[in-house]
$ cat data-v4.cif   # mmCIF, C-alpha atoms
data_input
loop_
_atom_site.group_PDB
_atom_site.id
_atom_site.type_symbol
_atom_site.label_atom_id
_atom_site.label_comp_id
_atom_site.auth_asym_id
_atom_site.auth_seq_id
_atom_site.Cartn_x
_atom_site.Cartn_y
_atom_site.Cartn_z
ATOM 1 C CA MET N 14 -8.096 20.041 -4.784
ATOM 2 C CA SER N 15 -4.626 20.093 -3.266
ATOM 3 C CA GLN N 16 -4.048 22.797 -0.687
ATOM 4 C CA SER N 17 -1.652 23.501 2.146
ATOM 5 C CA TYR N 18 -3.062 23.224 5.642
ATOM 6 C CA ASP N 19 -1.610 24.933 8.684
ATOM 7 C CA ARG N 20 -2.009 22.504 11.554
ATOM 8 C CA GLY N 21 0.013 24.593 13.980
ATOM 9 C CA LEU N 22 2.520 22.880 16.217
ATOM 10 C CA VAL N 23 1.781 19.518 17.751
ATOM 11 C CA GLU N 24 3.533 20.895 20.849
ATOM 12 C CA ASP N 25 0.484 23.107 21.333
ATOM 13 C CA PHE N 26 -1.263 20.116 22.753
ATOM 14 C CA GLY N 27 -3.471 22.312 24.914
ATOM 15 C CA ARG N 28 -5.545 22.634 21.741
ATOM 16 C CA TRP N 29 -6.445 18.929 21.785
ATOM 17 C CA ARG N 30 -10.097 19.584 22.530
ATOM 18 C CA GLU N 31 -10.302 21.432 19.211
ATOM 19 C CA PHE N 32 -8.776 18.593 17.193
ATOM 20 C CA SER N 33 -10.862 17.085 14.417
ATOM 21 C CA ALA N 34 -10.816 13.389 13.463
ATOM 22 C CA GLY N 35 -8.343 14.224 10.686
ATOM 23 C CA MET N 36 -5.977 15.869 13.179
ATOM 24 C CA TRP N 37 -6.095 12.812 15.462
ATOM 25 C CA ALA N 38 -5.476 10.559 12.458
ATOM 26 C CA TRP N 39 -2.464 12.704 11.544
ATOM 27 C CA ILE N 40 -1.076 12.606 15.119
ATOM 28 C CA PHE N 41 -1.633 8.842 15.521
ATOM 29 C CA HIS N 42 -0.031 8.159 12.138
ATOM 30 C CA LYS N 43 3.055 10.226 13.067
ATOM 31 C CA PHE N 44 3.278 8.618 16.529
ATOM 32 C CA THR N 45 2.958 5.053 15.204
ATOM 33 C CA GLY N 46 5.449 5.895 12.447
ATOM 34 C CA TRP N 47 8.038 7.090 15.001
ATOM 35 C CA VAL N 48 7.527 3.901 17.039
ATOM 36 C CA LEU N 49 7.888 1.669 13.967
ATOM 37 C CA ILE N 50 11.115 3.264 12.677
ATOM 38 C CA GLY N 51 12.539 3.117 16.219
ATOM 39 C CA TYR N 52 11.578 -0.539 16.404
ATOM 40 C CA LEU N 53 13.166 -1.275 13.007
ATOM 41 C CA PHE N 54 16.583 -0.175 14.304
ATOM 42 C CA THR N 55 16.065 -2.203 17.511
ATOM 43 C CA HIS N 56 14.881 -5.245 15.529
ATOM 44 C CA ILE N 57 17.987 -5.293 13.319
ATOM 45 C CA ALA N 58 20.173 -4.860 16.439
ATOM 46 C CA VAL N 59 18.578 -7.934 18.081
ATOM 47 C CA LEU N 60 18.715 -9.993 14.867
ATOM 48 C CA SER N 61 22.402 -9.077 14.532
ATOM 49 C CA THR N 62 23.116 -11.850 17.045
ATOM 50 C CA ALA N 63 22.804 -14.123 13.969
ATOM 51 C CA THR N 64 26.219 -12.832 12.875
ATOM 52 C CA ILE N 65 27.740 -14.083 16.155
ATOM 53 C CA GLY N 66 26.441 -17.608 15.962
ATOM 54 C CA GLU N 67 23.424 -19.910 15.934
ATOM 55 C CA ALA N 68 23.257 -20.316 19.715
ATOM 56 C CA ALA N 69 23.572 -16.576 20.366
ATOM 57 C CA TYR N 70 20.622 -15.905 18.018
ATOM 58 C CA THR N 71 18.352 -18.662 19.352
ATOM 59 C CA ASN N 72 19.184 -17.941 23.009
ATOM 60 C CA THR N 73 18.647 -14.192 22.609
ATOM 61 C CA ILE N 74 15.217 -14.644 21.052
ATOM 62 C CA SER N 75 14.067 -17.315 23.505
ATOM 63 C CA GLY N 76 15.461 -15.238 26.400
ATOM 64 C CA LEU N 77 13.548 -12.144 25.298
ATOM 65 C CA GLU N 78 10.370 -14.117 24.628
ATOM 66 C CA SER N 79 10.504 -15.617 28.130
ATOM 67 C CA LEU N 80 9.962 -12.130 29.582
ATOM 68 C CA LEU N 81 6.292 -11.252 30.089
ATOM 69 C CA VAL N 82 6.978 -7.554 29.520
ATOM 70 C CA VAL N 83 8.332 -8.375 26.033
ATOM 71 C CA ARG N 84 5.095 -10.190 25.179
ATOM 72 C CA PHE N 85 3.073 -7.127 26.218
ATOM 73 C CA LEU N 86 5.414 -4.872 24.220
ATOM 74 C CA GLU N 87 4.774 -7.129 21.211
ATOM 75 C CA VAL N 88 1.035 -6.629 21.631
ATOM 76 C CA GLY N 89 1.723 -2.874 21.672
ATOM 77 C CA LEU N 90 3.835 -3.225 18.546
ATOM 78 C CA LEU N 91 1.005 -5.113 16.846
ATOM 79 C CA ALA N 92 -1.439 -2.325 17.761
ATOM 80 C CA VAL N 93 0.923 0.299 16.389
ATOM 81 C CA ALA N 94 1.610 -1.660 13.178
ATOM 82 C CA VAL N 95 -2.042 -2.521 12.505
ATOM 83 C CA PHE N 96 -3.186 1.068 12.978
ATOM 84 C CA HIS N 97 -0.351 2.386 10.778
ATOM 85 C CA ILE N 98 -1.276 -0.149 8.050
ATOM 86 C CA LEU N 99 -5.028 0.566 8.183
ATOM 87 C CA ASN N 100 -4.655 4.333 8.390
ATOM 88 C CA GLY N 101 -1.969 4.115 5.689
ATOM 89 C CA LEU N 102 -4.445 2.344 3.402
ATOM 90 C CA ARG N 103 -6.937 5.113 4.202
ATOM 91 C CA LEU N 104 -4.313 7.719 3.252
ATOM 92 C CA LEU N 105 -3.558 5.912 -0.022
ATOM 93 C CA PHE N 106 -7.271 6.036 -0.905
ATOM 94 C CA VAL N 107 -7.436 9.719 0.083
ATOM 95 C CA ASP N 108 -4.414 10.418 -2.151
ATOM 96 C CA LEU N 109 -6.208 8.673 -5.000
ATOM 97 C CA GLY N 110 -9.239 10.881 -4.345
ATOM 98 C CA VAL N 111 -11.367 7.911 -3.298
ATOM 99 C CA GLY N 112 -13.738 8.241 -0.339
ATOM 100 C CA LEU N 113 -12.892 11.847 0.513
ATOM 101 C CA GLU N 114 -16.345 12.286 2.041
ATOM 102 C CA ALA N 115 -15.758 9.321 4.377
ATOM 103 C CA GLN N 116 -12.367 10.361 5.807
ATOM 104 C CA ASP N 117 -13.674 10.706 9.368
ATOM 105 C CA ARG N 118 -15.613 7.453 9.297
ATOM 106 C CA SER N 119 -12.682 5.537 7.767
ATOM 107 C CA PHE N 120 -10.445 6.854 10.583
ATOM 108 C CA TYR N 121 -12.906 5.626 13.217
ATOM 109 C CA ALA N 122 -13.140 2.307 11.338
ATOM 110 C CA SER N 123 -9.313 2.041 11.436
ATOM 111 C CA LEU N 124 -9.378 2.528 15.217
ATOM 112 C CA VAL N 125 -12.170 0.011 15.818
ATOM 113 C CA LEU N 126 -10.607 -2.600 13.518
ATOM 114 C CA THR N 127 -7.191 -2.096 15.159
ATOM 115 C CA GLY N 128 -8.748 -2.620 18.586
ATOM 116 C CA ALA N 129 -10.600 -5.751 17.460
ATOM 117 C CA ILE N 130 -7.527 -7.326 15.822
ATOM 118 C CA VAL N 131 -5.303 -6.542 18.826
ATOM 119 C CA VAL N 132 -7.770 -7.899 21.401
ATOM 120 C CA ALA N 133 -8.277 -11.057 19.328
ATOM 121 C CA SER N 134 -4.482 -11.502 19.101
ATOM 122 C CA VAL N 135 -3.690 -11.170 22.810
ATOM 123 C CA PRO N 136 -4.024 -14.933 23.567
ATOM 124 C CA THR N 137 -1.631 -15.759 20.698
ATOM 125 C CA PHE N 138 0.972 -13.274 21.900
ATOM 126 C CA LEU N 139 0.803 -14.276 25.562
ATOM 127 C CA ALA N 140 0.661 -18.050 24.967
ATOM 128 C CA GLY N 141 3.251 -19.842 27.070
ATOM 129 C CA ALA N 142 4.262 -16.706 28.981
ATOM 130 C CA ILE N 143 1.545 -16.710 31.649
ATOM 131 C CA MET D 30 -14.481 16.977 5.707
ATOM 132 C CA ALA D 31 -13.746 16.755 2.016
ATOM 133 C CA ASP D 32 -10.577 18.836 2.115
ATOM 134 C CA TYR D 33 -7.412 17.161 0.950
ATOM 135 C CA TYR D 34 -4.102 17.956 2.522
ATOM 136 C CA SER D 35 -0.763 16.214 2.956
ATOM 137 C CA SER D 36 2.603 16.766 4.643
ATOM 138 C CA PHE D 37 4.206 16.326 1.235
ATOM 139 C CA ASP D 38 4.378 18.295 -1.970
ATOM 140 C CA PRO D 39 1.946 16.186 -4.034
ATOM 141 C CA LYS D 40 4.109 16.531 -7.128
ATOM 142 C CA GLY D 41 7.384 15.667 -5.387
ATOM 143 C CA SER D 42 9.371 12.452 -5.846
ATOM 144 C CA ARG D 43 9.567 12.007 -2.042
ATOM 145 C CA TRP D 44 5.777 12.083 -1.904
ATOM 146 C CA PHE D 45 5.483 9.533 -4.728
ATOM 147 C CA LEU D 46 8.133 7.189 -3.291
ATOM 148 C CA GLN D 47 6.511 7.393 0.163
ATOM 149 C CA ARG D 48 3.193 6.218 -1.353
ATOM 150 C CA LEU D 49 4.873 3.582 -3.545
ATOM 151 C CA THR D 50 6.789 2.085 -0.596
ATOM 152 C CA ALA D 51 3.621 2.306 1.546
ATOM 153 C CA ALA D 52 1.692 0.167 -0.935
ATOM 154 C CA PHE D 53 4.449 -2.486 -0.824
ATOM 155 C CA LEU D 54 4.892 -2.308 2.959
ATOM 156 C CA VAL D 55 1.177 -2.720 3.707
ATOM 157 C CA VAL D 56 1.351 -6.183 2.154
ATOM 158 C CA VAL D 57 4.811 -7.279 3.361
ATOM 159 C CA LEU D 58 4.462 -5.989 6.942
ATOM 160 C CA ALA D 59 1.147 -7.819 7.314
ATOM 161 C CA PHE D 60 2.756 -10.972 5.838
ATOM 162 C CA HIS D 61 5.761 -10.637 8.195
ATOM 163 C CA PHE D 62 3.528 -10.323 11.268
ATOM 164 C CA MET D 63 1.308 -13.218 10.199
ATOM 165 C CA LEU D 64 4.222 -15.544 9.463
ATOM 166 C CA LEU D 65 6.304 -14.786 12.570
ATOM 167 C CA HIS D 66 3.603 -14.345 15.189
ATOM 168 C CA PHE D 67 0.629 -16.398 14.087
ATOM 169 C CA VAL D 68 1.838 -19.170 11.716
ATOM 170 C CA ASN D 69 5.125 -19.510 13.639
ATOM 171 C CA HIS D 70 5.231 -18.104 17.155
ATOM 172 C CA ALA D 71 8.092 -15.706 17.878
ATOM 173 C CA ALA D 72 8.878 -17.593 21.096
ATOM 174 C CA ASP D 73 9.570 -20.765 19.098
ATOM 175 C CA VAL D 74 11.906 -19.170 16.534
ATOM 176 C CA THR D 75 15.300 -20.833 16.250
ATOM 177 C CA PHE D 76 18.273 -20.093 14.035
ATOM 178 C CA MET D 77 17.614 -23.259 12.020
ATOM 179 C CA GLN D 78 14.025 -22.203 11.195
ATOM 180 C CA THR D 79 15.223 -18.741 10.204
ATOM 181 C CA HIS D 80 18.026 -20.302 8.153
ATOM 182 C CA LEU D 81 15.600 -22.553 6.241
ATOM 183 C CA ARG D 82 13.355 -19.573 5.405
ATOM 184 C CA MET D 83 16.229 -17.301 4.393
ATOM 185 C CA GLN D 84 17.744 -19.994 2.157
ATOM 186 C CA GLN D 85 14.780 -19.586 -0.198
ATOM 187 C CA PRO D 86 15.794 -16.935 -2.773
ATOM 188 C CA GLY D 87 12.267 -15.481 -3.026
ATOM 189 C CA TYR D 88 11.952 -15.095 0.762
ATOM 190 C CA PHE D 89 15.483 -13.701 1.073
ATOM 191 C CA LEU D 90 14.896 -11.089 -1.642
ATOM 192 C CA THR D 91 11.489 -10.183 -0.190
ATOM 193 C CA MET D 92 13.043 -9.587 3.240
ATOM 194 C CA VAL D 93 15.875 -7.471 1.780
ATOM 195 C CA ALA D 94 13.307 -5.453 -0.220
ATOM 196 C CA PHE D 95 11.274 -5.153 3.016
ATOM 197 C CA LEU D 96 14.342 -3.796 4.842
ATOM 198 C CA VAL D 97 15.181 -1.258 2.125
ATOM 199 C CA THR D 98 11.624 0.013 1.612
ATOM 200 C CA ALA D 99 10.855 0.123 5.355
ATOM 201 C CA THR D 100 14.056 2.065 6.022
ATOM 202 C CA PHE D 101 13.319 4.547 3.231
ATOM 203 C CA HIS D 102 9.656 4.916 4.225
ATOM 204 C CA GLY D 103 10.480 5.379 7.904
ATOM 205 C CA VAL D 104 13.409 7.730 7.524
ATOM 206 C CA ASN D 105 11.685 9.748 4.803
ATOM 207 C CA GLY D 106 8.644 9.969 7.063
ATOM 208 C CA VAL D 107 10.748 11.203 9.987
ATOM 209 C CA TYR D 108 12.468 13.784 7.766
ATOM 210 C CA ASN D 109 9.188 15.082 6.394
ATOM 211 C CA ALA D 110 7.623 15.197 9.856
ATOM 212 C CA LEU D 111 10.553 17.316 11.087
ATOM 213 C CA VAL D 112 10.375 19.612 8.054
ATOM 214 C CA ASN D 113 6.644 19.891 8.695
ATOM 215 C CA GLN D 114 7.473 20.983 12.265
ATOM 216 C CA GLY D 115 9.587 23.831 10.906
ATOM 217 C CA LEU D 116 13.064 22.294 10.591
ATOM 218 C CA ASP D 117 15.055 24.540 8.266
ATOM 219 C CA GLY D 118 18.506 25.827 7.335
ATOM 220 C CA THR D 119 21.653 24.152 8.693
ATOM 221 C CA PRO D 120 19.814 21.855 11.166
ATOM 222 C CA LYS D 121 17.743 20.588 8.237
ATOM 223 C CA THR D 122 20.913 19.762 6.271
ATOM 224 C CA VAL D 123 22.521 18.083 9.296
ATOM 225 C CA VAL D 124 19.378 16.003 9.967
ATOM 226 C CA LYS D 125 19.083 15.099 6.281
ATOM 227 C CA TYR D 126 22.619 13.725 5.996
ATOM 228 C CA GLY D 127 22.448 12.169 9.471
ATOM 229 C CA LEU D 128 19.328 10.253 8.471
ATOM 230 C CA ILE D 129 20.892 9.204 5.150
ATOM 231 C CA LEU D 130 23.951 7.884 7.037
ATOM 232 C CA ALA D 131 21.759 6.040 9.561
ATOM 233 C CA SER D 132 19.762 4.507 6.675
ATOM 234 C CA VAL D 133 22.869 3.315 4.837
ATOM 235 C CA LEU D 134 24.280 1.768 8.032
ATOM 236 C CA LEU D 135 20.970 0.090 8.890
ATOM 237 C CA ILE D 136 20.555 -1.384 5.396
ATOM 238 C CA ALA D 137 24.203 -2.545 5.297
ATOM 239 C CA GLN D 138 23.890 -4.224 8.713
ATOM 240 C CA GLY D 139 20.500 -5.686 7.779
ATOM 241 C CA ILE D 140 21.913 -7.259 4.604
ATOM 242 C CA ARG D 141 24.886 -8.575 6.606
ATOM 243 C CA VAL D 142 22.434 -10.172 9.046
ATOM 244 C CA ALA D 143 20.306 -11.589 6.210
ATOM 245 C CA MET D 144 23.392 -13.154 4.636
ATOM 246 C CA ALA D 145 24.424 -14.687 7.956
ATOM 247 C CA MET D 146 20.908 -16.091 8.384
ATOM 248 C CA ALA D 147 20.999 -17.564 4.878
ATOM 249 C CA GLY D 148 24.442 -19.051 5.508
ATOM 250 C CA ILE D 149 26.031 -16.983 2.756
ATOM 251 C CA ILE D 150 28.693 -15.876 5.227
ATOM 252 C CA ILE D 151 29.633 -17.845 8.291
ATOM 253 C CA GLY D 152 30.183 -15.981 11.531
ATOM 254 C CA PRO D 153 32.509 -17.103 14.333
ATOM 255 C CA ALA D 154 31.417 -20.274 16.133
ATOM 256 C CA ALA D 155 28.933 -19.706 18.922
#
$ encode --input "data-v4.cif" --output "C-alpha coordinates"
Amino acid sequence: MSQSYDRGLVEDFGRWREFSAGMWAWIFHKFTGWVLIGYLFTHIAVLSTATIGEAAYTNTISGLESLLVVRFLEVGLLAVAVFHILNGLRLLFVDLGVGLEAQDRSFYASLVLTGAIVVASVPTFLAGAI
Amino acid sequence: MADYYSSFDPKGSRWFLQRLTAAFLVVVLAFHFMLLHFVNHAADVTFMQTHLRMQQPGYFLTMVAFLVTATFHGVNGVYNALVNQGLDGTPKTVVKYGLILASVLLIAQGIRVAMAMAGIIIGPAA
(Lines of atoms letter the chains of each structure in order from A and count residues from 1; the text may use other names and numbers.)
(Lines give C-alpha, C1' and ligand atoms only; values in the text may rest on other atoms or scores of the structure.)
Protein backbone atom coordinates (compact mmCIF):
# COMPACT_ATOMS: atom_id res chain seq x y z
CA MET A 1 0.00 0.00 0.00
CA SER A 2 2.80 2.38 0.90
CA GLN A 3 4.69 3.82 -2.05
CA SER A 4 6.92 6.78 -2.77
CA TYR A 5 5.43 9.51 -4.92
CA ASP A 6 7.45 11.99 -6.94
CA ARG A 7 5.59 15.28 -6.72
CA GLY A 8 8.32 17.26 -8.45
CA LEU A 9 9.30 20.63 -7.06
CA VAL A 10 6.70 22.99 -5.68
CA GLU A 11 8.77 25.73 -7.34
CA ASP A 12 7.50 24.40 -10.66
CA PHE A 13 4.30 26.21 -9.98
CA GLY A 14 3.63 26.61 -13.69
CA ARG A 15 2.26 23.07 -13.40
CA TRP A 16 -0.58 24.20 -11.13
CA ARG A 17 -3.25 23.48 -13.73
CA GLU A 18 -2.20 19.83 -13.59
CA PHE A 19 -2.46 19.58 -9.81
CA SER A 20 -4.90 17.06 -8.37
CA ALA A 21 -6.91 17.61 -5.17
CA GLY A 22 -4.27 15.63 -3.27
CA MET A 23 -1.52 17.94 -4.53
CA TRP A 24 -3.47 21.03 -3.44
CA ALA A 25 -4.09 19.42 -0.05
CA TRP A 26 -0.35 18.76 0.26
CA ILE A 27 0.55 22.36 -0.72
CA PHE A 28 -2.06 23.93 1.59
CA HIS A 29 -0.97 21.71 4.48
CA LYS A 30 2.69 22.72 4.00
CA PHE A 31 1.79 26.42 3.63
CA THR A 32 -0.43 26.47 6.73
CA GLY A 33 2.23 24.52 8.63
CA TRP A 34 4.91 27.11 7.77
CA VAL A 35 2.57 29.92 8.89
CA LEU A 36 1.75 28.17 12.17
CA ILE A 37 5.37 27.44 13.17
CA GLY A 38 6.28 31.04 12.26
CA TYR A 39 3.40 32.26 14.40
CA LEU A 40 4.46 30.05 17.33
CA PHE A 41 7.82 31.83 17.54
CA THR A 42 6.09 35.23 17.24
CA HIS A 43 3.48 34.26 19.86
CA ILE A 44 6.11 33.30 22.45
CA ALA A 45 8.00 36.55 21.68
CA VAL A 46 4.86 38.63 22.39
CA LEU A 47 3.96 36.62 25.50
CA SER A 48 7.52 37.13 26.76
CA THR A 49 6.41 40.57 27.94
CA ALA A 50 5.01 38.62 30.93
CA THR A 51 8.60 38.24 32.15
CA ILE A 52 8.98 42.05 32.22
CA GLY A 53 5.92 42.78 34.28
CA GLU A 54 2.13 42.68 34.54
CA ALA A 55 1.58 46.09 32.94
CA ALA A 56 3.93 45.37 30.03
CA TYR A 57 2.01 42.16 29.25
CA THR A 58 -1.49 43.64 29.55
CA ASN A 59 -0.58 46.84 27.66
CA THR A 60 1.13 44.93 24.84
CA ILE A 61 -1.86 42.68 24.27
CA SER A 62 -4.45 45.46 24.51
CA GLY A 63 -2.26 47.66 22.26
CA LEU A 64 -2.02 44.96 19.60
CA GLU A 65 -5.72 44.12 19.84
CA SER A 66 -6.63 47.78 19.33
CA LEU A 67 -5.17 47.60 15.81
CA LEU A 68 -7.70 46.58 13.16
CA VAL A 69 -5.01 44.93 11.05
CA VAL A 70 -4.19 42.59 13.97
CA ARG A 71 -7.84 41.52 14.16
CA PHE A 72 -7.81 40.67 10.44
CA LEU A 73 -4.51 38.81 10.87
CA GLU A 74 -6.17 36.81 13.66
CA VAL A 75 -8.97 35.84 11.30
CA GLY A 76 -6.28 34.69 8.85
CA LEU A 77 -4.59 32.74 11.63
CA LEU A 78 -7.90 31.07 12.47
CA ALA A 79 -8.37 30.09 8.81
CA VAL A 80 -4.87 28.64 8.67
CA ALA A 81 -5.26 26.77 11.98
CA VAL A 82 -8.71 25.37 11.18
CA PHE A 83 -7.64 24.10 7.77
CA HIS A 84 -4.45 22.56 9.22
CA ILE A 85 -6.52 20.83 11.95
CA LEU A 86 -9.20 19.52 9.56
CA ASN A 87 -6.76 18.42 6.87
CA GLY A 88 -4.54 16.96 9.61
CA LEU A 89 -7.47 14.85 10.82
CA ARG A 90 -7.98 13.76 7.21
CA LEU A 91 -4.30 12.77 7.01
CA LEU A 92 -4.55 10.80 10.27
CA PHE A 93 -7.48 8.84 8.82
CA VAL A 94 -5.57 8.29 5.56
CA ASP A 95 -2.58 7.01 7.57
CA LEU A 96 -4.91 4.60 9.36
CA GLY A 97 -6.17 3.42 5.97
CA VAL A 98 -9.66 4.78 6.63
CA GLY A 99 -11.56 6.52 3.83
CA LEU A 100 -8.86 6.19 1.17
CA GLU A 101 -11.52 6.30 -1.54
CA ALA A 102 -12.84 9.63 -0.20
CA GLN A 103 -9.53 11.54 -0.02
CA ASP A 104 -10.59 14.13 -2.61
CA ARG A 105 -14.02 14.67 -1.12
CA SER A 106 -12.63 14.95 2.43
CA PHE A 107 -10.19 17.62 1.19
CA TYR A 108 -13.03 19.62 -0.36
CA ALA A 109 -15.02 19.13 2.87
CA SER A 110 -12.04 20.50 4.86
CA LEU A 111 -12.00 23.61 2.65
CA VAL A 112 -15.75 24.20 2.87
CA LEU A 113 -15.84 23.64 6.64
CA THR A 114 -12.83 25.95 7.13
CA GLY A 115 -14.58 28.66 5.12
CA ALA A 116 -17.82 28.26 7.07
CA ILE A 117 -16.11 28.36 10.49
CA VAL A 118 -13.99 31.39 9.54
CA VAL A 119 -16.91 33.38 8.12
CA ALA A 120 -19.02 32.58 11.19
CA SER A 121 -16.15 33.72 13.44
CA VAL A 122 -15.49 37.09 11.80
CA PRO A 123 -17.95 39.04 14.04
CA THR A 124 -16.31 37.57 17.17
CA PHE A 125 -12.82 38.51 16.02
CA LEU A 126 -13.71 42.04 14.92
CA ALA A 127 -15.94 42.87 17.91
CA GLY A 128 -14.94 46.18 19.46
CA ALA A 129 -12.42 47.00 16.73
CA ILE A 130 -14.78 48.50 14.14
CA MET B 1 -7.50 8.35 -5.85
CA ALA B 2 -6.84 5.43 -3.56
CA ASP B 3 -3.06 5.72 -3.62
CA TYR B 4 -1.36 6.30 -0.31
CA TYR B 5 1.73 8.41 -0.06
CA SER B 6 3.46 10.46 2.62
CA SER B 7 6.46 12.78 3.02
CA PHE B 8 7.69 10.45 5.75
CA ASP B 9 9.11 6.97 5.92
CA PRO B 10 6.01 5.19 7.29
CA LYS B 11 8.14 3.02 9.56
CA GLY B 12 10.25 5.87 10.93
CA SER B 13 10.08 7.28 14.47
CA ARG B 14 9.80 10.83 13.07
CA TRP B 15 6.72 9.76 11.12
CA PHE B 16 5.17 8.14 14.21
CA LEU B 17 5.94 11.08 16.51
CA GLN B 18 4.55 13.53 13.93
CA ARG B 19 1.24 11.61 13.93
CA LEU B 20 1.22 11.19 17.72
CA THR B 21 1.80 14.92 18.33
CA ALA B 22 -0.78 15.73 15.61
CA ALA B 23 -3.46 13.75 17.45
CA PHE B 24 -2.71 15.69 20.67
CA LEU B 25 -2.43 19.07 18.94
CA VAL B 26 -5.75 18.73 17.10
CA VAL B 27 -7.50 18.70 20.47
CA VAL B 28 -5.34 21.24 22.35
CA LEU B 29 -5.07 23.79 19.52
CA ALA B 30 -8.85 23.77 19.10
CA PHE B 31 -9.25 24.14 22.89
CA HIS B 32 -6.71 27.01 22.96
CA PHE B 33 -8.52 28.89 20.18
CA MET B 34 -11.93 28.34 21.75
CA LEU B 35 -10.83 29.46 25.22
CA LEU B 36 -8.84 32.55 24.17
CA HIS B 37 -10.94 33.84 21.29
CA PHE B 38 -14.49 32.72 21.90
CA VAL B 39 -14.96 32.04 25.65
CA ASN B 40 -12.55 34.87 26.56
CA HIS B 41 -11.84 37.46 23.89
CA ALA B 42 -8.16 38.09 23.16
CA ALA B 43 -8.75 41.85 23.37
CA ASP B 44 -9.88 41.49 27.00
CA VAL B 45 -6.93 39.37 28.18
CA THR B 46 -5.08 40.79 31.16
CA PHE B 47 -2.11 39.49 33.11
CA MET B 48 -4.35 38.70 36.08
CA GLN B 49 -6.66 36.47 33.98
CA THR B 50 -3.65 34.69 32.49
CA HIS B 51 -2.14 34.34 35.97
CA LEU B 52 -5.32 32.75 37.37
CA ARG B 53 -5.42 30.22 34.51
CA MET B 54 -1.72 29.38 34.70
CA GLN B 55 -1.90 28.89 38.48
CA GLN B 56 -3.99 25.76 37.89
CA PRO B 57 -1.52 22.83 37.66
CA GLY B 58 -3.57 20.98 35.02
CA TYR B 59 -3.80 24.06 32.77
CA PHE B 60 -0.12 24.91 33.29
CA LEU B 61 1.01 21.38 32.39
CA THR B 62 -1.34 21.26 29.40
CA MET B 63 0.11 24.53 28.06
CA VAL B 64 3.71 23.34 28.57
CA ALA B 65 2.85 20.05 26.81
CA PHE B 66 1.19 22.15 24.06
CA LEU B 67 4.39 24.19 23.66
CA VAL B 68 6.65 21.13 23.50
CA THR B 69 4.48 19.11 21.11
CA ALA B 70 3.73 22.11 18.86
CA THR B 71 7.43 22.97 18.65
CA PHE B 72 8.37 19.38 17.82
CA HIS B 73 5.53 18.98 15.31
CA GLY B 74 6.29 22.28 13.60
CA VAL B 75 10.05 21.99 13.46
CA ASN B 76 9.91 18.32 12.46
CA GLY B 77 7.43 19.28 9.75
CA VAL B 78 9.72 22.04 8.45
CA TYR B 79 12.71 19.67 8.45
CA ASN B 80 10.82 16.97 6.58
CA ALA B 81 9.43 19.48 4.08
CA LEU B 82 12.98 20.68 3.34
CA VAL B 83 14.29 17.11 3.03
CA ASN B 84 11.35 16.42 0.72
CA GLN B 85 12.48 19.40 -1.39
CA GLY B 86 15.90 17.81 -1.82
CA LEU B 87 17.90 19.17 1.13
CA ASP B 88 20.92 16.92 1.55
CA GLY B 89 24.54 16.70 2.71
CA THR B 90 26.10 19.48 4.80
CA PRO B 91 23.16 21.93 4.42
CA LYS B 92 20.88 19.19 5.76
CA THR B 93 23.11 18.75 8.83
CA VAL B 94 23.33 22.52 9.38
CA VAL B 95 19.53 22.91 9.08
CA LYS B 96 18.96 19.92 11.37
CA TYR B 97 21.09 21.27 14.21
CA GLY B 98 19.90 24.84 13.61
CA LEU B 99 16.30 23.71 14.00
CA ILE B 100 17.15 21.67 17.11
CA LEU B 101 18.81 24.76 18.64
CA ALA B 102 15.84 26.98 17.74
CA SER B 103 13.47 24.40 19.29
CA VAL B 104 15.43 24.19 22.54
CA LEU B 105 15.56 28.00 22.82
CA LEU B 106 11.84 28.35 22.05
CA ILE B 107 10.83 25.70 24.61
CA ALA B 108 13.17 27.17 27.26
CA GLN B 109 11.79 30.69 26.70
CA GLY B 110 8.22 29.37 26.60
CA ILE B 111 8.65 27.60 29.96
CA ARG B 112 10.24 30.76 31.39
CA VAL B 113 7.20 32.73 30.21
CA ALA B 114 4.78 30.12 31.59
CA MET B 115 6.51 30.27 34.98
CA ALA B 116 6.32 34.07 35.01
CA MET B 117 2.61 33.87 34.15
CA ALA B 118 2.02 31.38 36.95
CA GLY B 119 3.97 33.54 39.40
CA ILE B 120 6.59 30.86 39.96
CA ILE B 121 9.28 33.43 39.24
CA ILE B 122 8.78 37.14 39.67
CA GLY B 123 10.13 39.46 37.01
CA PRO B 124 11.27 43.05 37.60
CA ALA B 125 8.48 45.46 38.55
CA ALA B 126 6.62 46.92 35.60
$ resolve_selection --input "data-v4.cif" --expression "the PyMOL selection byres ((chain N) within 6 of (chain D))" --output "list in words"
Ser15, Gln16, Ile50, Ser61, Thr64, Ile65, Gly66, Glu67, Ala68, Thr71, Ser75, Glu78, Ile98, Leu113 and Glu114 of chain N
$ axis_aligned_box --input "data-v4.cif" --around "segment 127-137 of chain N" --padding-each-side "6 Å" --output "lines of an AutoDock Vina configuration file"
center_x = -6.1
center_y = -8.9
center_z = 19.4
size_x = 21.0
size_y = 25.7
size_z = 20.4
$ atom_distance --input "data-v4.cif" --atom1 "atom CA of Gly46 of chain N" --atom2 "atom CA of Val93 of chain N"
8.2 Å
$ atom_distance --input "data-v4.cif" --atom1 "atom CA of Trp37 of chain N" --atom2 "atom CA of Glu87 of chain N"
23.4 Å
$ resolve_selection --input "data-v4.cif" --expression "the PyMOL selection byres ((chain N and resi 94) around 12)" --output "PyMOL selection string"
(chain N and resi 41-50+52-53+87-93+95-101+123-124+127-128+130-131) or (chain D and resi 54-63)
$ atom_distance --input "data-v4.cif" --atom1 "atom CA of Val124 of chain D" --atom2 "atom CA of Trp39 of chain N"
22.1 Å
